[in-house]
Amino acid sequence: MAPDKLSLVFSALADPTRRAILAALALGPMPVGEIAKPFDISEPAVIKHLKVLEKAGLVEADRKGQMRPRRLNAQPLAEASSFVEQYRQFWEASFDRLDAYLQELQATEQ
Amino acid sequence: MNYEPFVLERTFQAPLALVWATFSQAEHLSKWMSPQGMTPGRNVMDFRPGGIFHYEIVPPGQSGFWGRWLFRDIVDHETIVVHVSFSDEGAGIIRHPMAPDWPLEMLSKTRFTEVEGGTQIRLEISAVGSDPAQLKAFDEGKSSMTQGWGGTLNQLESHLAEVQNA
């Protein structure tokens with residue numbers, strides 16, 4: 001079974017280093033060495049994080065050039081955001097109905 | 001690391017026992033849990049750990065679709081923990097009919113607390129990964145990697161703003 005795309009996005013975002021990498025890439029494409037610079041971790045560790053981000057579709061590697069600069073793909077972020085927004089709307093509407101229903105139940109009891 | 005899930009809190013002006021009933025009995029649930037404009041259809045409720053609530057929701061003029069809650073943990077008048085998924089008529093789990101990328105199962109935890117003048121509900125929702133290792137992590141009560149929402153959302157919003165301004 002293919003893993004859920006949104007679950008991959010959420011797990012990729014759960015790590016502060018990966019969020020920092022995304023923030024850096026929001027400024028423009030960057031080769032791995034440059035991405036790794038501000039972090040106190042090895043380049044292979046950064047590559048591991050990049051792989052998680054790539055699997056979630058948040059980062060893409062440029063095919064051209066030996067440096068293969070990485071670039072941000074914001075589309076999954078927008079999808080994740082609208083997904084959570086839909087959940088919030090559904091539950092807030094449901095709780096509104098529950099509120100009215102509870103009042104109704106208590107009114108008929110009296 | 002921040003593993004805050006998606007959280008919604010609401011205080012209802014009703015005694016805890018009544019609010020508990022509206023979350024645990026099918027005849028009550030069908031009064032408020034259907035999406036706007038849709039009608040509750042058939043349902044089967046087996047309210048106990050390991051049991052399921054299998055329910056049909058009927059959009060106007062269309063055939064119904066099914067949802068399923070699998071009760072993972074119930075602490076009477078305190079918490080209800082369920083796996084929520086779309087379902088077929090035979091109570092199997094299926095993907096979201098309109099959004100195949102939707103997580104297959106969601107973990108929903110509802111906590112009930114008596115407060116002055118009523119009952120507070122705290123709802124936590126997170127995605128359950130389809131990765132067996134992640135499911136195992138949930139079973140062991142560990143923080144699964146997919147549990148982080150609320151905390152990531154602020155980050156997400158600032159990323160989106162940055163990207164859109166770029």
# chains A, B, ... in the order shown; residues from 1 in each chain; ligands from 1
call {"tool": "residues_around", "arguments": {"residues": "Arg72 (chain B)", "least_positions_apart": "3", "cutoff": "8 Å", "atoms": "only C-alpha atoms", "output": "list of chain:residue names"}}
result
B:Pro49, B:Gly50, B:Ile80, B:Val81, B:Val82, B:His83
call {"tool": "write_last_selection", "arguments": {"atoms": "N, CA and C atoms", "output": "compact mmCIF listing (two decimals), in the first residue's frame"}}
result
# COMPACT_ATOMS: atom_id res chain seq x y z
N PRO B 49 -14.21 -1.07 23.69
CA PRO B 49 -12.90 -1.13 23.04
C PRO B 49 -12.84 -2.30 22.06
N GLY B 50 -12.43 -2.04 20.83
CA GLY B 50 -12.40 -3.06 19.80
C GLY B 50 -13.68 -3.10 18.98
N ILE B 80 -12.61 9.01 24.97
CA ILE B 80 -12.94 8.07 23.89
C ILE B 80 -11.85 8.21 22.84
N VAL B 81 -11.17 7.12 22.53
CA VAL B 81 -10.13 7.15 21.50
C VAL B 81 -10.58 6.26 20.35
N VAL B 82 -10.66 6.84 19.16
CA VAL B 82 -11.12 6.06 18.00
C VAL B 82 -10.21 6.25 16.80
N HIS B 83 -10.16 5.25 15.95
CA HIS B 83 -9.62 5.39 14.61
C HIS B 83 -10.79 5.68 13.68
call {"tool": "interface_residues", "arguments": {"of": "chain A", "to": "chain B", "cutoff": "7 Å", "atoms": "only C-alpha atoms", "output": "list of chain:residue names"}}
result
A:Pro3, A:Asp4, A:Lys5, A:Leu6, A:Ser7, A:Phe10, A:Ser11, A:Leu13, A:Ala14, A:Asp15, A:Pro16, A:Ala23, A:Ala26, A:Leu27, A:Leu77, A:Phe90, A:Ser94, A:Arg97, A:Leu98, A:Asp99, A:Leu102
call {"tool": "select_by_dssp", "arguments": {"residues": "region 24-61 of chain B", "states": "strand (DSSP E or B)", "output": "list in words"}}
result
Thr39, Pro40, Gly41, Arg42, Asn43, Val44, Met45, Ile52, Phe53, His54, Tyr55, Glu56, Ile57 and Val58 of chain B
call {"tool": "atom_distance", "arguments": {"atom1": "CA of Arg122 (chain B)", "atom2": "CA of Glu104 (chain A)"}}
result
22.1 Å
call {"tool": "atom_distance", "arguments": {"atom1": "CA of Pro59 (chain B)", "atom2": "CA of Gln86 (chain A)"}}
result
17.5 Å
call {"tool": "atom_distance", "arguments": {"atom1": "CA of Trp69 (chain B)", "atom2": "CA of Arg42 (chain B)"}}
result
14.3 Å
call {"tool": "select_by_dssp", "arguments": {"residues": "chain A", "states": "alpha helix (DSSP H)", "output": "VMD selection string"}}
result
chain A and resid 5 to 13 16 to 25 32 to 36 43 to 55 75 to 109
call {"tool": "write_last_selection", "arguments": {"atoms": "C-alpha atoms", "output": "short mmCIF file (atom, residue, chain, number, x, y, z; two decimals), in the first residue's frame"}}
result
data_model
loop_
_atom_site.label_atom_id
_atom_site.label_comp_id
_atom_site.auth_asym_id
_atom_site.auth_seq_id
_atom_site.Cartn_x
_atom_site.Cartn_y
_atom_site.Cartn_z
CA LYS A 5 0.81 11.52 0.95
CA LEU A 6 -0.52 13.87 3.60
CA SER A 7 0.84 11.65 6.38
CA LEU A 8 4.27 11.93 4.74
CA VAL A 9 3.93 15.71 4.63
CA PHE A 10 2.93 15.88 8.29
CA SER A 11 5.74 13.61 9.42
CA ALA A 12 8.24 15.59 7.33
CA LEU A 13 7.05 18.81 9.01
CA PRO A 16 12.45 21.29 13.44
CA THR A 17 15.58 20.78 11.29
CA ARG A 18 13.43 19.92 8.29
CA ARG A 19 11.25 22.96 8.89
CA ALA A 20 14.39 25.09 9.01
CA ILE A 21 15.57 23.54 5.73
CA LEU A 22 12.23 24.43 4.12
CA ALA A 23 12.49 27.97 5.45
CA ALA A 24 15.97 28.27 3.93
CA LEU A 25 14.79 26.89 0.58
CA VAL A 32 23.30 20.62 -0.44
CA GLY A 33 26.56 22.04 0.91
CA GLU A 34 24.97 25.46 1.32
CA ILE A 35 21.83 24.04 2.92
CA ALA A 36 23.97 22.19 5.48
CA GLU A 43 26.18 16.72 5.39
CA PRO A 44 25.00 13.06 5.24
CA ALA A 45 22.53 13.87 8.06
CA VAL A 46 21.23 16.82 6.03
CA ILE A 47 20.90 14.54 2.98
CA LYS A 48 18.79 12.17 5.10
CA HIS A 49 16.48 15.02 6.02
CA LEU A 50 16.32 16.09 2.37
CA LYS A 51 15.29 12.57 1.38
CA VAL A 52 12.38 12.70 3.83
CA LEU A 53 11.35 16.08 2.40
CA GLU A 54 11.69 14.78 -1.17
CA LYS A 55 9.55 11.73 -0.39
CA GLN A 75 2.04 22.63 -3.26
CA PRO A 76 1.90 19.89 -0.56
CA LEU A 77 2.00 22.62 2.10
CA ALA A 78 -1.10 24.21 0.59
CA GLU A 79 -2.83 20.81 0.45
CA ALA A 80 -1.98 20.04 4.06
CA SER A 81 -3.21 23.45 5.12
CA SER A 82 -6.56 23.11 3.35
CA PHE A 83 -6.97 19.58 4.74
CA VAL A 84 -6.65 20.79 8.32
CA GLU A 85 -8.93 23.73 7.53
CA GLN A 86 -11.63 21.33 6.28
CA TYR A 87 -11.36 19.33 9.49
CA ARG A 88 -11.67 22.43 11.60
CA GLN A 89 -14.74 23.61 9.69
CA PHE A 90 -16.41 20.20 9.92
CA TRP A 91 -15.85 19.90 13.66
CA GLU A 92 -16.82 23.47 14.47
CA ALA A 93 -20.08 23.04 12.54
CA SER A 94 -20.70 19.70 14.28
CA PHE A 95 -20.09 21.23 17.69
CA ASP A 96 -22.53 24.04 16.84
CA ARG A 97 -25.16 21.41 16.05
CA LEU A 98 -24.31 19.49 19.24
CA ASP A 99 -24.67 22.69 21.27
CA ALA A 100 -28.18 23.28 19.88
CA TYR A 101 -29.08 19.60 20.30
CA LEU A 102 -27.98 19.56 23.97
CA GLN A 103 -30.13 22.64 24.66
CA GLU A 104 -33.07 20.93 22.97
CA LEU A 105 -32.59 17.73 25.01
CA GLN A 106 -32.43 19.63 28.27
CA ALA A 107 -35.49 21.71 27.39
CA THR A 108 -37.60 18.61 26.76
CA GLU A 109 -36.40 17.02 30.01
#
call {"tool": "residues_around", "arguments": {"residues": "Ala17 (chain B)", "least_positions_apart": "6", "cutoff": "12 Å", "atoms": "only C-alpha atoms", "output": "VMD selection string"}}
result
(chain A and resid 102) or (chain B and resid 23 to 25 76 to 78 112 to 114 118 to 120)
call {"tool": "residues_around", "arguments": {"residues": "Ile94 (chain B)", "least_positions_apart": "4", "cutoff": "10 Å", "atoms": "only C-alpha atoms", "output": "ChimeraX atom specification"}}
result
/B:66-68,85-88,100,104-105
